[in-house]
Structure formats: structure tokens, C-alpha cells
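Enquirer: Please find one structure pasted underneath; my questions will follow.
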Amino acid sequence: MSNRYTGIFLHITSLPGNFGVGDLGYEAKKWIDLLSQNSVKIWQVCPVCPTVYGNSPYSTPCAFAGNPLLISLEVLRDWGYLKNDDLKNFGKKLPDDFVDFENSLEAKNKLFRKAFANFTPTGDYQKFCEDENYWLEPYVLFMSLSKKFGTIHWSKWTNDFAKYDKNTIEKYSSDNKTELDYYRFVQFIFQSQWFDIKNYANDHGVRIFGDVPYYVSYESSDVWSNQRLFELDDKGEQIRVGGVPPDYFSQYGQLWGTPLYRWERIKDTGYEWWMNRIKRAFFYNDIVRIDHFRAFESYWAINAEDKTAKNGVWEKGPGNEFFALIKQKFGNGIELIAEDLGVITDEVNKLRDSENLCGMKVFQFAFDGNSDNYYLPYNCNRQSVMYSGTHDNDTILGWYKSLDEYAKNRVKDYVSAKSDEEILQKTIREVLASASIYAILQLADLLGLGNEARFNTPGTVDNKNWAWRFKWDMIKQSSFDNLKKMIQIFGRG
């Protein structure tokens, strides 16, 4: 790792465009051009899986599939699956400064059906279906059956389907081939467009930095088709669920309700499901962040009927053995980043360091008045990623405005700002000057925006979450000229 790099976090949905949501089309290439021209080598995004209730990219009906919402209709047209008239009136009633998830997806789905009617299977499509069969078949079945039964809560389906009975599944597949082919087609198009964008980024010197959540959703094809790998009873109901214990921020902890892995059973398979997941992540991305990394050392297990996360127990995760197998299968060249935020133990630090993984530092967490604070840039080592803020944080200006006067003065003293007006640029400079090998900025910080541009507020379900978008007229070349200069000054080019 001889070089240092700069990245910008911007989820794909936040890109501009005329179709209600950012997508994998021409605006994405324009964005990559902007990064490339300004010496920004990394584009970080959230998971690109389909989303469900709440629109969170961290809650998905399939951890392997791509989000149809990200498919570009313009590219579909240029590939010959749609006509100009199909696109003419699309999105005229949709906002262009935030994502209207429900209406955007409803409108897009109608055009996906039209595109499917114009599709003739190709050799590339057949190869896609064969190569991705291990996750694709459970996923297309899950989507079709969710529609049939009117719910993604698979435990409420009739018993033979809820149990993933092989004979029942095979008969359903045979009887509903066209419907299942539609879902296969949508995934094929997503993957084709994804690699068009990824190859474009790589050709322009930009690497894609993606994300793998530790847990998966209970209402998913992942759990439904692999029930023995999760803590479920004979009826498919959860026994214990995931979360984190009480801490300084929450007296009751956080109850996520996600199913727990049966690690002994997963180990007996050679960690096959997880190795497939890691393979898929690096298929999509150049760098991968493992969300909730601490759970690989030990995780908090809570009885499923509990109303809070207060009364859980710590259980051991797979530890070094898991990461040794990743290296064995994929080589030492892959880049995994450990999301190690929150209350972290010596054992978790030891696991991260023994595997030579970069941890995460967040500038906004640094100012509790403690000179030993883990996130202060002078306490950060090279083997880390320094963030101005993550997708779960406010913007720099929104965060600074929320501080009391004492904390504001600590920040001003640290970054040598004489006034509040200097905070933004001085903070960006401090992030880029840090020892960390990677420095990641939120686009909203480069644009000088306040909490109106906050991307997500954890623990809340709100139509503002995950919905922010920028417009091209917000981009000031002076901001990027300044960024490019600092990238050169701090050896991040």
C-alpha cells in the first residue's frame, strides 16, 4: 500500500436525472468523469441490492441481487428494448431533488415489462442464468411467490412453499416459467448495466467501494432458501435475533430483529454461503466494507420475543478462520475494510489487526474532550479509512451546527478555524491530511450543504431517509479545484 487515496461517498440513487432516481446511466458516467478529472480515485456507494420497507439498502429481499430501481431506462432504450415514446412522459410528476421510491419503481416496473416483451434470450443471458443460478433461482421464486401470496413474509405462505419443498418448488417453476423469466431478465439487465458503469469507472482510474452488511433480512430469499443456516425453529420462526447492547447512546440497546447465523452449520459447509457472498461482493466492487465487523469476533444474541436489546448474550463469531478461508479462496490482493465503529473490544481490534484490515475513523466522533479519542486524526494510523462523515451521519455543517458552544470551540481550535465560516474547508483539509490511507468525503460536504442533505438518520423510518439527490448546478468547479489541490498537497493523487 504505497499510495494514499481520496474517495467521495455518493449512493447511486443520489445522482441527478429525469427518471425519479439516480441510476446506472449517462449521469453516472458524467459523475465518474468529474471524479477522474479531479484526482478522486474512489467512488463509495451503499449496497446495491433491492430494497423493501423503509427503502434502506441495508434491508433487502436478496443479498446477491441488484436493485431494479437503479436500471437506466435511457440505456434500455439505446439497447433497443424501449422506444423514445416509452420514455417521453416518464417522471414528469416525479421530483428531481429527492427520490420518490414507490412511484419511481412503479413507473419503472411498467417499462421493464415492456422491455421484457421485446427481449430475445441471448448466449450472454443463458450464461448469466447458469453462472448465477445459486442465488438467482431462489430470488426469482421468492419474488414471484411474494406476489402470489401478497407478502414477503414467507413464513405466512402455505406450508409446502414456506418449507422450500423441492417438489413443490420445481412444479411451480415449471408452471410459471414466463413470470420467473421476467425476474431473471431484470437481473440480467441490472448486471449488464452495472458492469458497463464499473468498467467505465475502472478505465478512468476510479475504483468502486461497496458494502456487505453482516446480517441479512428475515424476509429474504437468503433465509427462506437456507433455513438450516439460521437460528429458526421447526416452523421457520426466529429463535434469537441480532442487535447491539445498551451503551452511552441507547439505554435499551438496538434491536435489529435480524436472524442469527448458525455458524457451526455454516462451518460444516466450508462457509459456502458466505464465500459465495464475498465472491459476489468482489464481482461487483473493487473494495468491500464489511458492515458490523465486530460480529465476526462476537455478536449480541437476543431472544426473539424480547422488546428491547437489553437482555442479550455475547456469542463467539467465526473469527480468524473465516478470514483465512477468504484469503485462501480469493488471494491476498482483495481489499476488505472493517466497519469497526461503536463500542469495540480489544478482541475485535486484535481480529482486525491480525487480518491486516483497515478500520474506520469518523471525524465527527472525535470531539468528546478526550485527547486519547480514537477518532482524532492525530491518533489515527495509516491502516484506516478517515471519513468526514458516513451515510449515517449528518453533513459537516449540520453536525457542527448541532454542537454546544464548548464543543464548537474544541473543533475550531483543532482545525485552526477563526470563525464558523472556516469550519467546512478546514475540516475537509484535516480529513485529507490525516495519516489514513483512504480519506472519504460526503459529496454534500464538498457542496457546503447542511442537514437538508443528510442521507440517513439511524433508528428512524422517514421518507427523507436515503432520498437526497444533487443537481448538476450545485457543483462548483472552485470546490473541486480546491479539492484537487489538497489531494496533491497531501499525497493522495
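Starting from 1 in every chain, residues are counted up; chains themselves are A, B, ... following the order of the C-alpha cells, and ligands are numbered from 1 as listed.
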With only C-alpha atoms as the counted atoms, please give the residues lying no more than 10 Å from stretch 101-108 of chain A, apart from itself and same-chain residues fewer than 2 positions off, as number ranges by chain.

Expert: A: 13, 19-21, 51-55, 68-73, 87, 90-91, 93-95, 98-99, 110-114, 463, 466-467

Enquirer: Could you produce a table of the residues of stretch 38-133 of chain A lying within 10 Å of stretch 276-294 of chain A, with the nearest pair of atoms per residue and their separation in Å rounded to one decimal, using only C-alpha atoms, ordered by chain and increasing residue number, as JSON lines?

Expert:
```
{"residue": "A:Ile42", "atom": "CA", "partner": "A:Ile287", "partner_atom": "CA", "distance": 9.0}
{"residue": "A:Trp43", "atom": "CA", "partner": "A:Ile287", "partner_atom": "CA", "distance": 9.8}
{"residue": "A:Gln44", "atom": "CA", "partner": "A:Ile287", "partner_atom": "CA", "distance": 8.8}
{"residue": "A:Val45", "atom": "CA", "partner": "A:Asn285", "partner_atom": "CA", "distance": 9.7}
{"residue": "A:Cys46", "atom": "CA", "partner": "A:Arg289", "partner_atom": "CA", "distance": 9.6}
{"residue": "A:Pro47", "atom": "CA", "partner": "A:Ala281", "partner_atom": "CA", "distance": 9.3}
{"residue": "A:Val48", "atom": "CA", "partner": "A:Tyr284", "partner_atom": "CA", "distance": 9.2}
{"residue": "A:Tyr58", "atom": "CA", "partner": "A:Asp291", "partner_atom": "CA", "distance": 9.5}
{"residue": "A:Ala63", "atom": "CA", "partner": "A:Arg277", "partner_atom": "CA", "distance": 7.7}
{"residue": "A:Phe64", "atom": "CA", "partner": "A:Arg280", "partner_atom": "CA", "distance": 6.8}
{"residue": "A:Ala65", "atom": "CA", "partner": "A:Arg280", "partner_atom": "CA", "distance": 9.4}
{"residue": "A:Gly66", "atom": "CA", "partner": "A:Tyr284", "partner_atom": "CA", "distance": 9.8}
{"residue": "A:Glu132", "atom": "CA", "partner": "A:Arg280", "partner_atom": "CA", "distance": 9.4}
```

Enquirer: What does the distance between atom CA of A:Ile326 and atom CA of A:Asp124 come to in Å, to one decimal place?

Expert: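 Pair atom CA of A:Ile326 / atom CA of A:Asp124 returns 28.4 Å.
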
Enquirer: Near A:Tyr172, counting only C-alpha atoms, which residues have an atom at most 10 Å away, once you skip same-chain residues fewer than 4 positions from it, shown as a PyMOL selection string?

Expert: chain A and resi 141+144-145+161+166-168+176-177+180

Enquirer: Restrict the selected residues to N, CA and C atoms and save them as a JSON list (two decimals), in the first residue's frame.

Expert:
```json
[["chain", "number", "residue", "atom", "x", "y", "z"],
["A", 141, "LEU", "N", -37.91, -17.01, -7.56],
["A", 141, "LEU", "CA", -39.04, -17.71, -6.93],
["A", 141, "LEU", "C", -39.62, -16.89, -5.78],
["A", 144, "SER", "N", -41.66, -14.00, -7.12],
["A", 144, "SER", "CA", -42.92, -14.45, -7.70],
["A", 144, "SER", "C", -43.90, -14.92, -6.62],
["A", 145, "LEU", "N", -43.40, -15.67, -5.66],
["A", 145, "LEU", "CA", -44.26, -16.18, -4.59],
["A", 145, "LEU", "C", -44.73, -15.06, -3.66],
["A", 161, "PHE", "N", -44.67, -24.29, 0.49],
["A", 161, "PHE", "CA", -43.80, -23.23, -0.03],
["A", 161, "PHE", "C", -42.92, -22.65, 1.07],
["A", 166, "LYS", "N", -38.81, -29.09, -2.24],
["A", 166, "LYS", "CA", -38.20, -29.17, -3.57],
["A", 166, "LYS", "C", -39.20, -29.52, -4.66],
["A", 167, "ASN", "N", -40.05, -30.51, -4.42],
["A", 167, "ASN", "CA", -41.03, -30.93, -5.43],
["A", 167, "ASN", "C", -42.03, -29.82, -5.74],
["A", 168, "THR", "N", -42.49, -29.14, -4.69],
["A", 168, "THR", "CA", -43.43, -28.03, -4.86],
["A", 168, "THR", "C", -42.79, -26.90, -5.66],
["A", 176, "ASN", "N", -44.76, -21.59, -14.02],
["A", 176, "ASN", "CA", -44.68, -20.13, -14.04],
["A", 176, "ASN", "C", -43.40, -19.63, -14.70],
["A", 177, "LYS", "N", -42.98, -20.34, -15.73],
["A", 177, "LYS", "CA", -41.69, -20.05, -16.37],
["A", 177, "LYS", "C", -41.60, -18.61, -16.88],
["A", 180, "LEU", "N", -41.11, -16.10, -14.06],
["A", 180, "LEU", "CA", -39.77, -16.21, -13.49],
["A", 180, "LEU", "C", -38.72, -15.67, -14.45]]
```

Enquirer: Between A:Arg492, A:Lys156, A:Arg228, A:Lys316, which one has atoms that come closest to A:Val431, using only C-alpha atoms?

Expert: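 Checking each candidate against A:Val431, we get A:Arg492 as the closest.
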
Enquirer: Using only C-alpha atoms, which residue out of A:Leu232, A:Cys49, A:Leu446, A:Ile266 lies closest to A:Gly210?

Expert: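 Between A:Leu232, A:Cys49, A:Leu446, A:Ile266, the residue approaching A:Gly210 most closely is A:Cys49.
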
Enquirer: Neighbouring residues of A:Phe142 were defined as those with any atom within 12 Å, considering only C-alpha atoms; residues of the same chain fewer than 3 positions away were excluded. Please report them as an NGL selection string.

Expert: :A and (60-62 or 65 or 135-139 or 145-155 or 157 or 161-162 or 164 or 169 or 172-173 or 179-180 or 183-184 or 219-225)

Enquirer: Near stretch 196-205 of chain A, within 7 Å and counting only C-alpha atoms, which residues show up once chain neighbours fewer than 3 positions away are dropped, as an MDAnalysis selection string?

Expert: chainID A and resid 24 29 32 36 41 192:193

Enquirer: Measuring between only C-alpha atoms, which one of A:Phe365, A:Tyr214, A:Tyr374, A:Trp256 shows the shortest distance to A:Tyr387?

Expert: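 Checking each candidate against A:Tyr387, we get A:Phe365 as the closest.
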